Amino acid sequence: IGNDDPLIIQMLGLCNAVIEDLADRGAWQVGTFSTTFTTVATEAQGTMSTLFPYGYKALVNNSMYNQTTRLPVEGPISAVEWEAYKALPTGRIFPRYRIFQDQLWMQPAPVAGQTVGVEYESLYLITNTTNGVTVPVKYFTTDSDDFKLNEAILINGLSWMWASEKGLAYAETFSKYETLVVNALGRDG
């Protein structure tokens, strides 16, 4: 990191492209985080990036619970269900949620100050440790960053992308990369 050699800069960019590809491939357990947030007394609870700060990709289905009331929060529900629920309130026992306009919406609006727990899938497959504090990050930012999957996947992904960028034959390295990714996803979690 910080090297001004154009080849090193290109390799770092390709490594980050491989990481983006891997993050998009599936729900890696190393990229799944458990978090809580405190409710506000409105339907809109906040933006997804604020509530889920480590590269929010998707909520894990059926994992949201209001820990204060000890009730599940059902969802995500569709736009049709949301509008029907608002137009025809039915006195439901369980609250529901919807993701709309990059915000988490809950119905009925919860009481302020309740704790809701949920798991979410992240785009972050790297961790950075600074002053003893480890945090997930999207891209390599220091030489000591830790790639959380098998390094062979990253090396083979870099190899095929490098060959492709340079106009070289890459079918065999691409095939090996794909096999490594499929096998890792099959064993993951």
# chains A, B, ... in the order shown; residues from 1 in each chain; ligands from 1

call {"tool": "residues_around", "arguments": {"residues": "Ile153 (chain A)", "least_positions_apart": "2", "cutoff": "8 Å", "atoms": "only C-alpha atoms", "output": "number ranges by chain"}}
result
A: 149-151, 155-157, 177, 180-181

call {"tool": "residues_around", "arguments": {"residues": "Gln101 (chain A)", "least_positions_apart": "5", "cutoff": "12 Å", "atoms": "only C-alpha atoms", "output": "list in words"}}
result
Ala44, Gln45, Gly46, Thr47, Met48, Ser49 and Ala79 of chain A

call {"tool": "residues_around", "arguments": {"residues": "Leu154 (chain A)", "least_positions_apart": "4", "cutoff": "9 Å", "atoms": "only C-alpha atoms", "output": "MDAnalysis selection string"}}
result
chainID A and resid 15 18:19 22 147 149:150 158:159 177

call {"tool": "write_last_selection", "arguments": {"atoms": "C-alpha atoms", "output": "mmCIF file, in the first residue's frame"}}
result
data_model
loop_
_atom_site.group_PDB
_atom_site.id
_atom_site.type_symbol
_atom_site.label_atom_id
_atom_site.label_comp_id
_atom_site.auth_asym_id
_atom_site.auth_seq_id
_atom_site.Cartn_x
_atom_site.Cartn_y
_atom_site.Cartn_z
ATOM 1 C CA CYS A 15 -7.172 -7.484 -5.850
ATOM 2 C CA VAL A 18 -11.578 -9.812 -6.949
ATOM 3 C CA ILE A 19 -12.857 -8.906 -3.480
ATOM 4 C CA LEU A 22 -16.340 -12.485 -4.049
ATOM 5 C CA PHE A 147 -8.249 -11.117 3.893
ATOM 6 C CA LEU A 149 -11.225 -16.058 3.073
ATOM 7 C CA ASN A 150 -8.729 -18.634 1.813
ATOM 8 C CA LEU A 158 -5.711 -11.930 -9.146
ATOM 9 C CA SER A 159 -3.889 -14.293 -11.513
ATOM 10 C CA TYR A 177 -10.580 -19.573 -9.455
#

call {"tool": "residues_around", "arguments": {"residues": "Val118 (chain A)", "least_positions_apart": "3", "cutoff": "9 Å", "atoms": "only C-alpha atoms", "output": "VMD selection string"}}
result
chain A and resid 33 to 37 59 to 60 62 to 66

call {"tool": "residues_around", "arguments": {"residues": "region 106-112 of chain A", "least_positions_apart": "6", "cutoff": "8 Å", "atoms": "only C-alpha atoms", "output": "list in words"}}
result
Thr38, Thr39, Val40, Ala41, Thr42, Glu43, Ala44, Gln45, Lys86, Pro95, Arg96, Tyr97 and Arg98 of chain A

call {"tool": "write_last_selection", "arguments": {"atoms": "all heavy atoms", "output": "compact mmCIF listing (two decimals), in the first residue's frame"}}
result
# COMPACT_ATOMS: atom_id res chain seq x y z
N THR A 38 -31.15 1.04 18.28
CA THR A 38 -32.17 1.56 19.19
C THR A 38 -33.25 2.22 18.35
O THR A 38 -32.96 3.07 17.51
CB THR A 38 -31.55 2.55 20.18
OG1 THR A 38 -30.50 1.89 20.88
CG2 THR A 38 -32.58 3.05 21.17
N THR A 39 -34.48 1.84 18.60
CA THR A 39 -35.60 2.36 17.80
C THR A 39 -35.87 3.83 18.10
O THR A 39 -35.57 4.33 19.18
CB THR A 39 -36.89 1.56 18.06
OG1 THR A 39 -37.22 1.65 19.45
CG2 THR A 39 -36.74 0.11 17.65
N VAL A 40 -36.44 4.48 17.09
CA VAL A 40 -36.99 5.82 17.24
C VAL A 40 -38.49 5.71 17.05
O VAL A 40 -38.98 4.75 16.47
CB VAL A 40 -36.36 6.81 16.24
CG1 VAL A 40 -34.89 7.01 16.54
CG2 VAL A 40 -36.53 6.35 14.81
N ALA A 41 -39.25 6.68 17.53
CA ALA A 41 -40.71 6.60 17.54
C ALA A 41 -41.34 7.05 16.23
O ALA A 41 -42.31 7.80 16.21
CB ALA A 41 -41.26 7.41 18.71
N THR A 42 -40.75 6.60 15.11
CA THR A 42 -41.33 6.86 13.79
C THR A 42 -41.19 5.58 12.98
O THR A 42 -40.44 4.67 13.34
CB THR A 42 -40.58 7.99 13.04
OG1 THR A 42 -39.23 7.59 12.82
CG2 THR A 42 -40.63 9.29 13.83
N GLU A 43 -41.88 5.51 11.86
CA GLU A 43 -41.76 4.33 11.01
C GLU A 43 -40.35 4.20 10.44
O GLU A 43 -39.79 3.12 10.39
CB GLU A 43 -42.78 4.37 9.87
CG GLU A 43 -44.21 4.14 10.32
CD GLU A 43 -45.20 4.19 9.17
OE1 GLU A 43 -44.82 4.56 8.02
OE2 GLU A 43 -46.37 3.83 9.40
N ALA A 44 -39.76 5.32 9.99
CA ALA A 44 -38.41 5.31 9.41
C ALA A 44 -37.38 5.24 10.54
O ALA A 44 -37.28 6.16 11.35
CB ALA A 44 -38.19 6.54 8.55
N GLN A 45 -36.62 4.16 10.58
CA GLN A 45 -35.66 3.94 11.66
C GLN A 45 -34.26 4.46 11.36
O GLN A 45 -33.44 4.56 12.25
CB GLN A 45 -35.59 2.45 12.00
CG GLN A 45 -36.88 1.90 12.55
CD GLN A 45 -37.29 2.61 13.83
OE1 GLN A 45 -36.54 2.61 14.81
NE2 GLN A 45 -38.44 3.26 13.83
N LYS A 86 -50.91 -0.61 6.09
CA LYS A 86 -51.18 0.75 6.55
C LYS A 86 -52.65 1.13 6.35
O LYS A 86 -53.23 1.81 7.18
CB LYS A 86 -50.27 1.74 5.83
CG LYS A 86 -48.82 1.64 6.28
CD LYS A 86 -47.97 2.67 5.64
CE LYS A 86 -48.36 4.00 6.21
NZ LYS A 86 -47.40 5.05 6.10
N PRO A 95 -44.60 -6.90 14.79
CA PRO A 95 -44.31 -5.77 13.89
C PRO A 95 -43.68 -6.28 12.60
O PRO A 95 -43.21 -7.42 12.52
CB PRO A 95 -43.32 -4.93 14.70
CG PRO A 95 -42.72 -5.87 15.68
CD PRO A 95 -43.75 -6.92 15.95
N ARG A 96 -43.68 -5.43 11.58
CA ARG A 96 -43.12 -5.79 10.29
C ARG A 96 -42.15 -4.72 9.84
O ARG A 96 -42.21 -3.59 10.31
CB ARG A 96 -44.24 -5.93 9.25
CG ARG A 96 -45.28 -6.95 9.65
CD ARG A 96 -46.41 -6.94 8.69
NE ARG A 96 -46.43 -8.24 8.03
CZ ARG A 96 -47.20 -8.57 7.04
NH1 ARG A 96 -48.04 -7.69 6.54
NH2 ARG A 96 -47.16 -9.76 6.51
N TYR A 97 -41.28 -5.10 8.90
CA TYR A 97 -40.35 -4.09 8.37
C TYR A 97 -40.29 -4.17 6.85
O TYR A 97 -40.62 -5.17 6.24
CB TYR A 97 -38.95 -4.23 8.99
CG TYR A 97 -38.12 -5.36 8.44
CD1 TYR A 97 -37.30 -5.19 7.32
CD2 TYR A 97 -38.13 -6.61 9.03
CE1 TYR A 97 -36.53 -6.22 6.82
CE2 TYR A 97 -37.36 -7.65 8.55
CZ TYR A 97 -36.56 -7.45 7.45
OH TYR A 97 -35.81 -8.47 6.95
N ARG A 98 -39.86 -3.04 6.30
CA ARG A 98 -39.67 -2.90 4.86
C ARG A 98 -38.42 -2.07 4.63
O ARG A 98 -38.13 -1.15 5.39
CB ARG A 98 -40.88 -2.19 4.26
CG ARG A 98 -40.73 -1.89 2.79
CD ARG A 98 -41.95 -1.17 2.26
NE ARG A 98 -41.80 -0.99 0.82
CZ ARG A 98 -42.33 0.00 0.14
NH1 ARG A 98 -43.08 0.90 0.75
NH2 ARG A 98 -42.16 0.09 -1.15

call {"tool": "select_by_dssp", "arguments": {"residues": "chain A", "states": "alpha helix (DSSP H)", "output": "VMD selection string"}}
result
chain A and resid 6 to 25 48 to 51 79 to 87 151 to 165 171 to 187

call {"tool": "select_by_dssp", "arguments": {"residues": "region 10-104 of chain A", "states": "strand (DSSP E or B)", "output": "PyMOL selection string"}}
result
chain A and resi 32-38+44-47+56-59+65-66+71-72+74+96-100+103-104

call {"tool": "write_last_selection", "arguments": {"atoms": "C-alpha atoms", "output": "short mmCIF file (atom, residue, chain, number, x, y, z; two decimals), in the first residue's frame"}}
result
data_model
loop_
_atom_site.label_atom_id
_atom_site.label_comp_id
_atom_site.auth_asym_id
_atom_site.auth_seq_id
_atom_site.Cartn_x
_atom_site.Cartn_y
_atom_site.Cartn_z
CA THR A 32 -22.07 -11.67 8.21
CA PHE A 33 -22.44 -9.41 11.23
CA SER A 34 -24.80 -9.30 14.18
CA THR A 35 -25.82 -5.85 15.37
CA THR A 36 -28.40 -4.00 17.39
CA PHE A 37 -29.97 -0.59 17.00
CA THR A 38 -32.17 1.56 19.19
CA ALA A 44 -38.41 5.31 9.41
CA GLN A 45 -35.66 3.94 11.66
CA GLY A 46 -32.68 5.29 9.73
CA THR A 47 -30.55 4.69 6.66
CA TYR A 56 -24.51 -3.52 4.20
CA LYS A 57 -25.54 -5.93 1.45
CA ALA A 58 -28.70 -7.63 2.78
CA LEU A 59 -30.47 -8.55 6.00
CA TYR A 65 -36.06 -9.48 16.83
CA ASN A 66 -37.16 -6.68 19.10
CA LEU A 71 -41.05 -10.34 19.54
CA PRO A 72 -39.86 -11.15 16.02
CA GLU A 74 -41.37 -9.91 10.27
CA ARG A 96 -43.12 -5.79 10.29
CA TYR A 97 -40.35 -4.09 8.37
CA ARG A 98 -39.67 -2.90 4.86
CA ILE A 99 -36.54 -1.56 3.16
CA PHE A 100 -37.46 1.45 1.05
CA GLN A 103 -34.08 3.20 4.92
CA LEU A 104 -35.46 0.62 7.32
#

call {"tool": "atom_distance", "arguments": {"atom1": "CA of Gly186 (chain A)", "atom2": "CA of Ala171 (chain A)"}}
result
22.3 Å

call {"tool": "closest_residue", "arguments": {"among": "A:Pro6, A:Leu14, A:Leu125, A:Asp24", "to": "Glu165 (chain A)", "atoms": "only C-alpha atoms"}}
result
A:Leu14

call {"tool": "atom_distance", "arguments": {"atom1": "CA of Ala184 (chain A)", "atom2": "CA of Leu168 (chain A)"}}
result
26.5 Å
